[in-house]
>>> print(open('start_31.cif').read())   # mmCIF, C-alpha atoms and all ligand atoms
data_my_file
loop_
_atom_site.label_atom_id
_atom_site.label_comp_id
_atom_site.auth_asym_id
_atom_site.auth_seq_id
_atom_site.Cartn_x
_atom_site.Cartn_y
_atom_site.Cartn_z
CA MET A 1144 -22.81 20.78 4.06
CA ARG A 1145 -26.13 19.26 4.97
CA LEU A 1146 -26.47 15.80 3.52
CA ASN A 1147 -30.21 15.39 3.92
CA SER A 1148 -31.89 14.91 0.58
CA LEU A 1149 -28.52 14.40 -1.16
CA ARG A 1150 -29.11 11.67 -3.77
CA VAL A 1151 -26.23 9.21 -3.55
CA ILE A 1152 -25.60 6.16 -5.69
CA ILE A 1153 -23.02 3.71 -4.40
CA ILE A 1154 -21.67 1.13 -6.80
CA GLY A 1155 -20.36 -1.98 -5.01
CA GLY A 1156 -21.99 -3.60 -2.00
CA ALA A 1157 -18.93 -5.06 -0.26
CA THR A 1158 -16.90 -3.69 2.68
CA GLY A 1159 -16.38 -0.11 1.51
CA GLY A 1160 -19.72 0.31 -0.26
CA CYS A 1161 -21.84 -0.98 2.62
CA ALA A 1162 -19.98 1.11 5.19
CA ALA A 1163 -20.36 4.23 3.04
CA ALA A 1164 -24.08 3.50 2.53
CA LEU A 1165 -24.67 3.20 6.28
CA LEU A 1166 -22.66 6.29 7.19
CA LEU A 1167 -24.14 8.54 4.50
CA ALA A 1168 -27.73 7.36 5.05
CA ARG A 1169 -27.48 7.97 8.77
CA ALA A 1170 -26.37 11.49 8.01
CA GLY A 1171 -29.59 11.94 6.01
CA ALA A 1172 -28.55 11.13 2.42
CA ARG A 1173 -30.89 9.04 0.25
CA VAL A 1174 -28.70 6.15 -0.87
CA THR A 1175 -29.13 3.64 -3.67
CA LEU A 1176 -26.66 0.76 -3.32
CA CYS A 1177 -26.05 -1.24 -6.51
CA GLU A 1178 -24.21 -4.55 -6.34
CA ARG A 1179 -23.75 -6.76 -9.39
CA ILE A 1180 -23.81 -10.03 -7.41
CA ALA A 1181 -27.42 -11.09 -6.82
CA GLN A 1182 -26.66 -12.79 -3.49
CA PRO A 1183 -23.54 -11.02 -2.25
CA HIS A 1184 -23.39 -12.78 1.12
CA THR A 1185 -20.98 -15.62 0.55
CA VAL A 1186 -17.75 -14.56 -1.09
CA GLY A 1187 -14.15 -14.65 0.11
CA ALA A 1188 -12.28 -16.51 2.82
CA GLY A 1189 -11.10 -14.57 5.88
CA ILE A 1190 -10.40 -10.94 6.64
CA GLY A 1191 -8.55 -9.07 9.37
CA LEU A 1192 -9.98 -5.99 11.03
CA ALA A 1193 -7.43 -3.65 12.57
CA SER A 1194 -8.31 -0.98 15.13
CA ASN A 1195 -8.98 1.63 12.41
CA GLY A 1196 -11.51 -0.50 10.49
CA LEU A 1197 -13.02 -1.78 13.70
CA ALA A 1198 -13.50 1.78 15.00
CA VAL A 1199 -15.52 2.65 11.89
CA LEU A 1200 -17.68 -0.45 12.24
CA GLU A 1201 -18.20 0.15 15.96
CA SER A 1202 -19.24 3.72 15.24
CA ILE A 1203 -22.11 2.43 13.14
CA GLY A 1204 -23.26 0.10 15.87
CA LEU A 1205 -21.77 -3.15 14.57
CA GLY A 1206 -19.43 -3.75 17.54
CA PRO A 1207 -21.66 -6.34 19.25
CA ALA A 1208 -22.13 -8.37 16.04
CA LEU A 1209 -18.36 -8.33 15.47
CA ARG A 1210 -17.59 -10.02 18.79
CA VAL A 1211 -17.38 -13.28 16.82
CA ALA A 1212 -14.04 -12.06 15.40
CA ARG A 1213 -10.93 -13.65 16.92
CA PRO A 1214 -8.22 -11.31 18.27
CA VAL A 1215 -4.63 -11.95 17.25
CA LEU A 1216 -1.44 -9.91 17.56
CA GLY A 1217 -0.93 -8.18 14.21
CA GLY A 1218 2.37 -8.32 12.36
CA LEU A 1219 3.78 -11.43 14.01
CA VAL A 1220 5.97 -13.22 11.45
CA SER A 1221 8.30 -16.16 12.02
CA ASN A 1222 10.45 -18.40 9.84
CA ALA A 1223 9.69 -22.09 9.17
CA ALA A 1224 11.65 -23.09 12.29
CA GLY A 1225 9.46 -20.85 14.45
CA ARG A 1226 12.08 -18.13 15.02
CA PRO A 1227 10.40 -14.69 15.09
CA LEU A 1228 11.35 -12.49 12.13
CA LEU A 1229 9.07 -9.51 12.56
CA ARG A 1230 8.25 -8.55 16.12
CA PRO A 1231 5.52 -5.97 16.50
CA PRO A 1232 6.17 -3.43 19.29
CA ALA A 1233 4.44 -4.12 22.58
CA SER A 1234 1.92 -1.39 21.76
CA ALA A 1235 0.90 -3.14 18.53
CA PRO A 1236 -2.84 -3.29 18.12
CA LEU A 1237 -4.70 -6.54 17.77
CA MET A 1238 -6.12 -7.70 14.49
CA HIS A 1239 -9.56 -9.28 14.66
CA MET A 1240 -9.95 -12.14 12.22
CA LEU A 1241 -13.26 -13.32 10.84
CA ARG A 1242 -14.78 -14.87 7.77
CA ARG A 1243 -15.22 -12.33 5.00
CA GLU A 1244 -18.67 -13.84 4.60
CA THR A 1245 -19.51 -13.01 8.24
CA LEU A 1246 -18.39 -9.40 7.83
CA GLN A 1247 -20.39 -9.14 4.62
CA ARG A 1248 -23.52 -10.59 6.27
CA ILE A 1249 -23.24 -8.19 9.24
CA LEU A 1250 -22.89 -5.22 6.88
CA LEU A 1251 -25.71 -6.32 4.59
CA ASP A 1252 -28.09 -6.94 7.51
CA ALA A 1253 -27.41 -3.42 8.76
CA VAL A 1254 -27.86 -1.97 5.26
CA SER A 1255 -31.19 -3.79 4.79
CA ALA A 1256 -32.45 -2.36 8.08
CA GLU A 1257 -31.52 1.21 7.10
CA PRO A 1258 -34.63 3.10 5.90
CA LEU A 1259 -32.69 5.58 3.73
CA VAL A 1260 -30.82 2.87 1.78
CA GLU A 1261 -32.41 1.20 -1.22
CA THR A 1262 -30.48 -1.95 -2.15
CA ARG A 1263 -30.33 -3.24 -5.69
CA PHE A 1264 -28.53 -6.57 -5.84
CA GLY A 1265 -27.97 -8.26 -9.17
CA THR A 1266 -27.58 -4.75 -10.65
CA THR A 1267 -24.46 -3.91 -12.64
CA LEU A 1268 -23.15 -0.46 -13.40
CA VAL A 1269 -22.89 0.05 -17.14
CA GLU A 1270 -21.66 3.65 -17.11
CA ALA A 1271 -21.22 6.49 -14.63
CA ARG A 1272 -20.69 10.04 -15.85
CA PRO A 1273 -19.14 12.95 -13.96
CA ASP A 1274 -22.47 14.84 -14.26
CA GLY A 1275 -24.14 12.18 -12.04
CA THR A 1276 -25.90 10.22 -14.78
CA VAL A 1277 -25.63 6.55 -13.97
CA THR A 1278 -26.68 3.70 -16.23
CA VAL A 1279 -27.31 0.31 -14.63
CA ARG A 1280 -28.65 -3.03 -15.80
CA ARG A 1281 -30.54 -5.45 -13.59
CA ASP A 1282 -29.88 -9.20 -14.11
CA GLY A 1283 -32.31 -10.58 -16.66
CA ALA A 1284 -33.59 -7.14 -17.75
CA ASP A 1285 -33.67 -6.42 -21.47
CA HIS A 1286 -32.98 -2.70 -21.12
CA ASP A 1287 -30.74 -0.37 -19.12
CA GLU A 1288 -32.00 2.07 -16.53
CA VAL A 1289 -30.70 5.61 -16.09
CA ILE A 1290 -30.58 7.15 -12.62
CA GLU A 1291 -29.57 10.72 -11.68
CA ALA A 1292 -27.49 11.35 -8.58
CA ASP A 1293 -25.82 14.24 -6.78
CA LEU A 1294 -22.94 11.98 -5.70
CA VAL A 1295 -21.76 8.68 -7.21
CA VAL A 1296 -19.47 6.61 -4.99
CA GLY A 1297 -17.28 4.07 -6.79
CA ALA A 1298 -16.79 1.28 -4.25
CA ASP A 1299 -16.63 -1.27 -7.03
CA GLY A 1300 -13.22 -2.76 -6.41
CA VAL A 1301 -9.99 -3.18 -8.34
CA HIS A 1302 -11.57 -3.19 -11.80
CA SER A 1303 -13.86 -0.25 -11.02
CA ARG A 1304 -16.19 0.85 -13.78
CA VAL A 1305 -16.91 4.12 -12.00
CA ARG A 1306 -13.19 4.85 -12.39
CA GLU A 1307 -13.54 4.40 -16.14
CA GLY A 1308 -16.22 7.10 -16.19
CA GLY A 1309 -14.02 9.97 -14.97
CA ARG A 1310 -10.52 11.39 -15.23
CA PHE A 1311 -8.79 9.83 -12.23
CA GLY A 1312 -5.30 9.36 -13.66
CA ALA A 1313 -5.40 5.73 -12.60
CA THR A 1314 -2.55 3.25 -12.88
CA VAL A 1315 -3.48 -0.40 -12.50
CA ARG A 1316 -0.44 -2.60 -11.96
CA ARG A 1317 -0.55 -6.38 -11.90
CA SER A 1318 2.21 -7.50 -9.56
CA GLY A 1319 2.60 -11.03 -10.95
CA LEU A 1320 2.32 -12.31 -7.35
CA HIS A 1321 -0.48 -14.77 -6.66
CA TYR A 1322 -1.93 -15.89 -3.35
CA LEU A 1323 -4.45 -18.56 -2.53
CA ARG A 1324 -7.03 -18.20 0.19
CA ALA A 1325 -9.15 -20.89 1.78
CA LEU A 1326 -11.45 -21.54 4.69
CA LEU A 1327 -10.56 -24.74 6.51
CA PRO A 1328 -12.14 -26.49 9.49
CA ALA A 1329 -11.71 -24.77 12.87
CA GLY A 1330 -8.79 -25.51 15.16
CA LEU A 1331 -5.92 -25.50 12.64
CA GLY A 1332 -4.81 -21.88 12.80
CA GLN A 1333 -1.24 -21.19 13.91
CA GLN A 1334 -2.12 -17.53 14.57
CA ARG A 1335 0.88 -16.19 12.70
CA GLU A 1336 2.40 -15.65 9.30
CA VAL A 1337 5.41 -17.76 8.32
CA TRP A 1338 8.03 -16.79 5.70
CA THR A 1339 9.46 -19.92 4.11
CA SER A 1340 11.42 -21.12 1.09
CA ALA A 1341 8.07 -21.40 -0.74
CA GLY A 1342 6.95 -17.90 0.23
CA ILE A 1343 4.38 -16.63 2.73
CA LEU A 1344 1.82 -18.71 4.61
CA GLY A 1345 -0.64 -17.46 7.22
CA SER A 1346 -3.25 -19.42 9.16
CA PHE A 1347 -5.63 -17.85 11.65
CA GLU A 1348 -8.66 -18.98 13.57
CA VAL A 1349 -11.79 -17.19 12.41
CA ASP A 1350 -15.35 -17.64 13.61
CA ASP A 1351 -16.05 -21.33 13.14
CA GLY A 1352 -13.12 -22.03 10.82
CA THR A 1353 -9.48 -21.45 9.93
CA TYR A 1354 -8.42 -18.82 7.40
CA LEU A 1355 -5.45 -19.93 5.30
CA TYR A 1356 -3.53 -17.81 2.81
CA ALA A 1357 -0.39 -18.87 0.99
CA SER A 1358 1.89 -17.67 -1.81
CA CYS A 1359 1.79 -19.39 -5.20
CA ASN A 1360 4.90 -17.84 -6.69
CA THR A 1361 7.68 -20.42 -6.93
CA PRO A 1362 7.89 -22.37 -10.23
CA ARG A 1363 6.43 -25.49 -8.55
CA LEU A 1364 3.56 -23.59 -6.97
CA ARG A 1365 2.87 -21.80 -10.26
CA ALA A 1366 2.65 -25.20 -11.94
CA ALA A 1367 0.22 -26.36 -9.22
CA VAL A 1368 -2.00 -23.34 -9.93
CA ARG A 1369 -1.85 -23.88 -13.70
CA GLY A 1370 -2.79 -27.56 -13.32
CA CYS A 1371 -5.22 -26.98 -10.39
CA ASP A 1372 -3.18 -29.71 -8.69
CA VAL A 1373 -3.82 -30.05 -4.95
CA ASP A 1374 -1.22 -32.83 -4.56
CA VAL A 1375 1.63 -30.67 -5.92
CA LEU A 1376 0.45 -27.76 -3.79
CA ARG A 1377 0.41 -29.90 -0.64
CA ALA A 1378 3.80 -31.53 -1.34
CA THR A 1379 5.51 -28.22 -2.14
CA TRP A 1380 4.31 -26.62 1.04
CA ARG A 1381 5.16 -29.69 3.12
CA ASP A 1382 8.75 -29.62 1.78
CA ALA A 1383 9.13 -25.94 2.64
CA TYR A 1384 7.26 -25.99 5.92
CA ALA A 1385 6.40 -29.36 7.47
CA ALA A 1386 3.92 -27.81 9.91
CA SER A 1387 1.69 -26.86 6.97
CA ALA A 1388 0.72 -30.52 6.41
CA PRO A 1389 -2.37 -30.52 8.70
CA LEU A 1390 -3.64 -27.42 6.89
CA PHE A 1391 -3.22 -28.70 3.33
CA ASP A 1392 -4.43 -32.22 4.25
CA THR A 1393 -7.92 -30.80 4.72
CA ILE A 1394 -8.03 -29.49 1.13
CA ASP A 1395 -9.37 -32.09 -1.25
CA ARG A 1396 -10.72 -29.96 -4.09
CA TRP A 1397 -8.97 -27.16 -5.95
CA GLN A 1398 -12.38 -25.53 -6.33
CA SER A 1399 -12.45 -24.75 -2.61
CA LEU A 1400 -9.49 -22.36 -3.09
CA LEU A 1401 -9.59 -18.74 -4.18
CA VAL A 1402 -6.52 -17.64 -6.14
CA HIS A 1403 -5.97 -13.92 -6.69
CA GLU A 1404 -3.19 -11.95 -8.31
CA VAL A 1405 -2.14 -8.92 -6.26
CA THR A 1406 -3.15 -5.91 -8.32
CA GLU A 1407 -2.28 -2.41 -7.23
CA VAL A 1408 -4.31 0.66 -8.12
CA ARG A 1409 -3.05 4.18 -7.76
CA CYS A 1410 -5.05 7.24 -8.76
CA ARG A 1411 -3.72 10.77 -9.17
CA ARG A 1412 -7.20 12.10 -8.42
CA TRP A 1413 -9.92 10.51 -6.30
CA TRP A 1414 -12.88 12.55 -7.52
CA HIS A 1415 -14.14 14.03 -10.75
CA GLY A 1416 -17.43 15.95 -10.94
CA THR A 1417 -19.93 13.95 -8.89
CA LEU A 1418 -17.83 10.77 -9.03
CA VAL A 1419 -15.69 9.76 -6.07
CA LEU A 1420 -13.68 6.59 -5.47
CA LEU A 1421 -13.13 4.66 -2.28
CA GLY A 1422 -11.59 1.35 -1.22
CA ASP A 1423 -9.92 -0.88 -3.78
CA ALA A 1424 -11.34 1.21 -6.63
CA ALA A 1425 -9.09 4.07 -5.48
CA HIS A 1426 -6.13 2.23 -3.99
CA ALA A 1427 -6.08 -1.58 -4.21
CA MET A 1428 -2.87 -2.61 -2.46
CA ALA A 1429 -0.78 -5.65 -1.58
CA PRO A 1430 -2.40 -7.55 1.29
CA ASN A 1431 0.75 -7.70 3.42
CA LEU A 1432 -0.15 -5.09 6.03
CA GLY A 1433 -3.77 -6.22 6.24
CA GLN A 1434 -4.95 -2.71 5.37
CA GLY A 1435 -7.05 -3.24 2.19
CA ALA A 1436 -10.45 -3.64 3.83
CA ASN A 1437 -9.51 -1.40 6.77
CA SER A 1438 -8.52 1.45 4.45
CA ALA A 1439 -11.84 1.10 2.60
CA LEU A 1440 -13.67 1.49 5.92
CA VAL A 1441 -11.58 4.52 6.87
CA ASP A 1442 -12.29 6.06 3.43
CA ALA A 1443 -16.03 5.75 4.05
CA ALA A 1444 -15.79 7.49 7.43
CA VAL A 1445 -13.49 10.27 6.22
CA LEU A 1446 -15.69 10.88 3.17
CA LEU A 1447 -18.64 11.55 5.47
CA HIS A 1448 -16.52 13.66 7.82
CA GLU A 1449 -15.22 15.92 5.07
CA LEU A 1450 -18.57 16.28 3.29
CA ARG A 1451 -20.14 17.41 6.56
CA ARG A 1452 -17.43 19.97 7.22
CA ALA A 1453 -17.46 21.43 3.70
CA GLU A 1454 -19.65 24.17 2.25
CA THR A 1455 -20.03 22.46 -1.11
CA LEU A 1456 -19.77 18.96 -2.55
CA ALA A 1457 -16.60 19.84 -4.50
CA GLU A 1458 -14.91 21.19 -1.37
CA GLY A 1459 -15.85 18.08 0.59
CA LEU A 1460 -14.58 15.70 -2.09
CA GLU A 1461 -11.33 17.62 -2.45
CA ALA A 1462 -10.78 17.58 1.33
CA TYR A 1463 -11.49 13.83 1.40
CA ALA A 1464 -8.95 13.17 -1.35
CA ARG A 1465 -6.33 15.45 0.22
CA ARG A 1466 -6.66 13.74 3.59
CA ARG A 1467 -6.80 10.15 2.40
CA ARG A 1468 -4.60 9.89 -0.68
CA PRO A 1469 -1.11 10.50 0.79
CA ARG A 1470 -1.76 8.34 3.85
CA VAL A 1471 -3.13 5.42 1.87
CA HIS A 1472 -0.37 5.62 -0.70
CA ALA A 1473 2.27 5.49 2.05
CA VAL A 1474 0.67 2.35 3.48
CA ALA A 1475 0.33 0.79 0.02
CA ARG A 1476 4.05 1.40 -0.66
CA SER A 1477 5.03 -0.25 2.64
CA ALA A 1478 2.68 -3.20 2.07
CA ALA A 1479 4.15 -3.80 -1.40
CA ALA A 1480 7.72 -3.63 -0.07
CA LEU A 1481 6.93 -6.04 2.76
CA GLY A 1482 5.22 -8.40 0.31
CA ARG A 1483 8.22 -8.39 -1.99
CA ILE A 1484 10.76 -9.26 0.69
CA GLY A 1485 8.41 -11.89 2.16
CA GLU A 1486 8.54 -13.56 -1.26
CA TRP A 1487 12.34 -13.91 -1.30
CA THR A 1488 12.67 -17.66 -1.48
CA GLY A 1489 16.37 -18.21 -2.36
CA PRO A 1490 18.57 -19.23 0.60
CA VAL A 1491 21.08 -16.36 0.18
CA ALA A 1492 18.43 -13.67 -0.11
CA ARG A 1493 16.53 -15.09 2.85
CA GLY A 1494 19.70 -15.23 4.91
CA ILE A 1495 20.48 -11.57 4.23
CA ARG A 1496 16.88 -10.59 4.86
CA ASP A 1497 16.50 -12.50 8.12
CA ARG A 1498 19.89 -11.63 9.61
CA ALA A 1499 20.53 -8.13 8.31
CA ILE A 1500 17.39 -6.41 7.01
CA LEU A 1501 14.66 -7.52 9.39
CA PRO A 1502 16.54 -6.74 12.62
CA VAL A 1503 16.96 -3.17 11.35
CA LEU A 1504 13.29 -3.03 10.35
CA ASN A 1505 12.27 -4.30 13.80
CA ALA A 1506 14.42 -1.68 15.49
CA MET A 1507 12.90 1.06 13.31
CA THR A 1508 9.29 -0.01 13.92
CA THR A 1509 7.90 2.30 16.55
CA THR A 1510 4.49 3.36 17.78
CA GLY A 1511 4.72 6.15 15.19
CA THR A 1512 5.13 3.56 12.42
CA LEU A 1513 1.98 1.80 13.60
CA ARG A 1514 0.09 5.07 13.71
CA ARG A 1515 1.02 5.71 10.09
CA VAL A 1516 -0.18 2.23 9.09
CA LEU A 1517 -3.52 2.85 10.82
CA GLN A 1518 -3.75 6.27 9.08
CA GLU A 1519 -6.38 7.87 11.31
CA ASP A 1520 -6.89 8.06 15.03
CA ALA A 1521 -9.44 5.45 16.15
CA THR A 1522 -11.10 7.97 18.50
CA VAL A 1523 -11.76 10.34 15.60
CA LEU A 1524 -13.10 7.49 13.46
CA ARG A 1525 -15.41 6.35 16.25
CA GLU A 1526 -16.84 9.87 16.59
CA ILE A 1527 -17.56 10.35 12.88
CA GLY A 1528 -20.18 7.60 12.68
CA ARG A 1529 -21.68 8.53 16.02
CA MET A 1530 -22.43 12.14 15.12
CA GLN A 1531 -26.12 12.93 15.21
CA PRO A 1532 -27.88 12.95 11.84
CA ALA A 1533 -28.17 16.38 10.27
CA TYR A 1534 -31.85 15.93 9.40
C1 LIG B 1601 -14.96 -11.88 -4.34
C2 LIG B 1601 -13.97 -11.26 -3.42
C3 LIG B 1601 -13.39 -12.03 -2.41
C4 LIG B 1601 -12.45 -11.47 -1.56
N1 LIG B 1601 -11.94 -12.23 -0.57
C5 LIG B 1601 -11.09 -11.69 0.32
C6 LIG B 1601 -10.60 -12.45 1.42
O1 LIG B 1601 -10.93 -13.60 1.59
N2 LIG B 1601 -9.73 -11.85 2.27
C7 LIG B 1601 -9.33 -10.54 2.12
O2 LIG B 1601 -8.56 -10.03 2.95
N3 LIG B 1601 -9.79 -9.80 1.08
C8 LIG B 1601 -10.65 -10.35 0.19
N4 LIG B 1601 -11.11 -9.59 -0.84
C9 LIG B 1601 -10.62 -8.21 -0.97
C10 LIG B 1601 -11.22 -7.29 0.07
O3 LIG B 1601 -12.56 -7.58 0.30
C11 LIG B 1601 -11.05 -5.88 -0.41
O4 LIG B 1601 -9.69 -5.62 -0.66
C12 LIG B 1601 -11.44 -4.87 0.62
O5 LIG B 1601 -12.47 -5.31 1.42
C13 LIG B 1601 -11.82 -3.54 -0.04
O6 LIG B 1601 -13.17 -3.59 -0.29
P1 LIG B 1601 -13.93 -2.76 -1.39
O7 LIG B 1601 -15.33 -2.63 -0.87
O8 LIG B 1601 -13.21 -1.53 -1.75
O9 LIG B 1601 -13.88 -3.67 -2.70
P2 LIG B 1601 -14.35 -5.16 -2.99
O10 LIG B 1601 -14.36 -5.97 -1.75
O11 LIG B 1601 -13.56 -5.63 -4.13
O12 LIG B 1601 -15.87 -4.99 -3.45
C14 LIG B 1601 -16.25 -4.42 -4.67
C15 LIG B 1601 -17.72 -4.79 -4.91
O13 LIG B 1601 -18.17 -4.12 -6.08
C16 LIG B 1601 -18.93 -5.01 -6.86
N5 LIG B 1601 -18.86 -4.55 -8.27
C17 LIG B 1601 -17.77 -4.54 -9.07
N6 LIG B 1601 -18.07 -4.02 -10.30
C18 LIG B 1601 -19.39 -3.69 -10.24
C19 LIG B 1601 -20.29 -3.13 -11.18
N7 LIG B 1601 -19.91 -2.78 -12.44
N8 LIG B 1601 -21.59 -2.93 -10.80
C20 LIG B 1601 -22.01 -3.26 -9.54
N9 LIG B 1601 -21.19 -3.81 -8.61
C21 LIG B 1601 -19.89 -4.02 -8.95
C22 LIG B 1601 -18.26 -6.36 -6.64
O14 LIG B 1601 -19.11 -7.43 -6.94
C23 LIG B 1601 -17.90 -6.29 -5.16
O15 LIG B 1601 -18.93 -6.77 -4.33
C24 LIG B 1601 -12.05 -10.10 -1.72
C25 LIG B 1601 -12.64 -9.33 -2.73
C26 LIG B 1601 -13.61 -9.88 -3.56
C27 LIG B 1601 -14.25 -9.02 -4.64
#
>>> encode(input="start_31.cif", output="structure tokens", more="lines below")
Ligand SMILES: Cc1cc2nc3c(=O)[nH]c(=O)nc-3n(C[C@H](O)[C@H](O)[C@H](O)COP(=O)(O)OP(=O)(O)OC[C@H]3O[C@@H](n4cnc5c(N)ncnc54)[C@H](O)[C@@H]3O)c2cc1C
Amino acid sequence: MRLNSLRVIIIGGATGGCAAALLLARAGARVTLCERIAQPHTVGAGIGLASNGLAVLESIGLGPALRVARPVLGGLVSNAAGRPLLRPPASAPLMHMLRRETLQRILLDAVSAEPLVETRFGTTLVEARPDGTVTVRRDGADHDEVIEADLVVGADGVHSRVREGGRFGATVRRSGLHYLRALLPAGLGQQREVWTSAGILGSFEVDDGTYLYASCNTPRLRAAVRGCDVDVLRATWRDAYAASAPLFDTIDRWQSLLVHEVTEVRCRRWWHGTLVLLGDAAHAMAPNLGQGANSALVDAAVLLHELRRAETLAEGLEAYARRRRPRVHAVARSAAALGRIGEWTGPVARGIRDRAILPVLNAMTTTGTLRRVLQEDATVLREIGRMQPAY
């Protein structure tokens, strides 16, 4: 279908929403991008771009700006003594690590320069209906505004309000697993993930900083989170993994940490009427394969691809859901399983895992496994954004 003059409202101006806005606008759609945060530039710690997400961003011309990202071999996991546990195959693609804030700024700069995108920051979705009627409220306004759209894209994250507006058959599952994220001074990253008796810890160099993430799931770490106690956090991690000391020594305020519970979203349907979901709104997943943000980017590209190939909006949305849903769900299942075994902290369970389970997993991990994690061929993704506008 021709997208020119299609009126699109995108709710959520983060990774998935911005990418969808750029892709759809360049295909001729008139896009209104609503984001509830008034200054959405500075949130999050670090983020990893895999070859699938990177291909989408390159296709919309953001490759040069993303050269600040630091390449690292994806999937490299060792134990606290430095012995490799998970060994990615030689063909494993690189992850590119950068501040989430940097990615967000690059996307927002591109969105602001796009003539067919109108941005509305500090604007919260109140209600979206399957007939395309969208009610929003601007910060400080004393009344709601109603906008009509041909297509409403819910890129509004785990607790999506767009999802509430349609019949998506959604299940939202809180995993009970918590992780902290932080940005530390540059030069501390160990460029790998470590599985320890306190859980998972990763530290990677990002542009001008170090991205740290760590589990908060043992009783002592849970107590540290409850009491916002940096000393207990530092001591617990030092006991489990002495090499973490230089990382935690740079943290002096609990307020500099972001703590999130892993919440998984699974939807039986991804579209209803004019409403369609992408990114975390459709499929929030455990972070353990680094595919949350990357899958949101792939969603945006595939949505455009399928709309263009279809005769009608309904056909395009159905094709998008059919192509994306099974692949994303397979990755989400694997990420959750990997996260669970990474959190085994008892000595017996870790012994069995490290000596019996992981060697089998390593032997079974092939190029085909990696292809399934990446979900779509990077060449196809690169082409989608590069297609000439239809107007
Ligand atoms: C604050 C924050 C920090 C994060 N930090 C990291 C990190 O450091 N590392 C990492 O790997 N992942 C992080 N994530 C998760 C990661 O960004 C996402 O998993 C991934 O990028 C998928 O992106 P998304 O666009 O689907 O959803 P999200 O990134 O969750 O974005 C959803 C957007 O929708 C907006 N929104 C929500 N409800 C409404 C509404 N009613 N009206 C208007 N706008 C709305 C939100 O403000 C947000 O900007 C973070 C997410 C958030 C929200």
>>> closest_residue(input="start_31.cif", among="A:Leu1200, A:Ala1383, A:Val1491, A:Ala1188", to="Leu1400 in chain A", atoms="only C-alpha atoms")
A:Ala1188
>>> closest_residue(input="start_31.cif", among="A:Ala1170, A:Ile1190, A:Leu1228, A:Leu1251", to="ligand LIG 1601 (chain B)", atoms="all atoms listed in the file")
A:Ile1190
>>> residues_near_ligand(input="start_31.cif", ligand="ligand LIG 1601 (chain B)", cutoff="6 Å", atoms="all atoms listed in the file", output="PyMOL selection string")
chain A and resi 1154-1160+1177-1180+1186-1190+1243+1266-1268+1298-1300+1303-1304+1422-1424+1435-1436+1439
>>> closest_residue(input="start_31.cif", among="A:Val1503, A:Leu1246, A:Gly1217, A:Gly1196", to="Ala1233 in chain A", atoms="only C-alpha atoms")
A:Gly1217
>>> closest_atom_pairs(input="start_31.cif", of="range 1436-1533 of chain A", to="range 1351-1364 of chain A", cutoff="10 Å", atoms="all atoms listed in the file", output="JSON lines")
{"residue": "A:Gly1485", "atom": "CA", "partner": "A:Ser1358", "partner_atom": "CA", "distance": 9.6}
{"residue": "A:Glu1486", "atom": "CA", "partner": "A:Asn1360", "partner_atom": "CA", "distance": 7.8}
{"residue": "A:Trp1487", "atom": "CA", "partner": "A:Thr1361", "partner_atom": "CA", "distance": 9.8}
{"residue": "A:Thr1488", "atom": "CA", "partner": "A:Thr1361", "partner_atom": "CA", "distance": 7.9}
>>> atom_distance(input="start_31.cif", atom1="CA of Leu1517 in chain A", atom2="CA of Val1441 in chain A")
9.1 Å
>>> residues_around(input="start_31.cif", residues="Ala1475 in chain A", least_positions_apart="2", cutoff="8 Å", atoms="all atoms listed in the file", output="VMD selection string")
chain A and resid 1426 1428 to 1429 1471 to 1473 1477 to 1479
>>> closest_residue(input="start_31.cif", among="A:Val1474, A:Ala1453, A:Val1277, A:Val1305", to="Gly1433 in chain A", atoms="only C-alpha atoms")
A:Val1474
>>> atom_distance(input="start_31.cif", atom1="CA of Val1523 in chain A", atom2="CA of Ala1164 in chain A")
19.2 Å
>>> atom_distance(input="start_31.cif", atom1="CA of Gly1206 in chain A", atom2="CA of Ala1427 in chain A")
25.6 Å
>>> residues_around(input="start_31.cif", residues="range 1457-1460 of chain A", least_positions_apart="3", cutoff="12 Å", atoms="all atoms listed in the file", output="PyMOL selection string")
chain A and resi 1144-1146+1273+1293-1296+1412-1421+1442-1443+1445-1454+1463-1468
>>> closest_residue(input="start_31.cif", among="A:Gly1171, A:Pro1183, A:Pro1490, A:Gly1345", to="Arg1263 in chain A", atoms="all atoms listed in the file")
A:Pro1183
>>> decode(input="start_31.cif", residues="range 1406-1418 of chain A", atoms="C-alpha atoms", output="CSV table (one decimal), in the first residue's frame")
chain,number,residue,atom,x,y,z
A,1406,THR,CA,9.0,-7.8,33.3
A,1407,GLU,CA,7.9,-10.0,30.4
A,1408,VAL,CA,5.1,-9.1,28.0
A,1409,ARG,CA,3.5,-11.6,25.7
A,1410,CYS,CA,0.6,-10.8,23.4
A,1411,ARG,CA,-1.6,-13.2,21.5
A,1412,ARG,CA,-2.3,-10.5,18.9
A,1413,TRP,CA,-0.1,-7.6,17.9
A,1414,TRP,CA,-2.8,-5.5,16.2
A,1415,HIS,CA,-6.4,-4.6,16.7
A,1416,GLY,CA,-8.2,-2.2,14.3
A,1417,THR,CA,-5.8,0.7,13.7
A,1418,LEU,CA,-3.8,-0.1,16.8
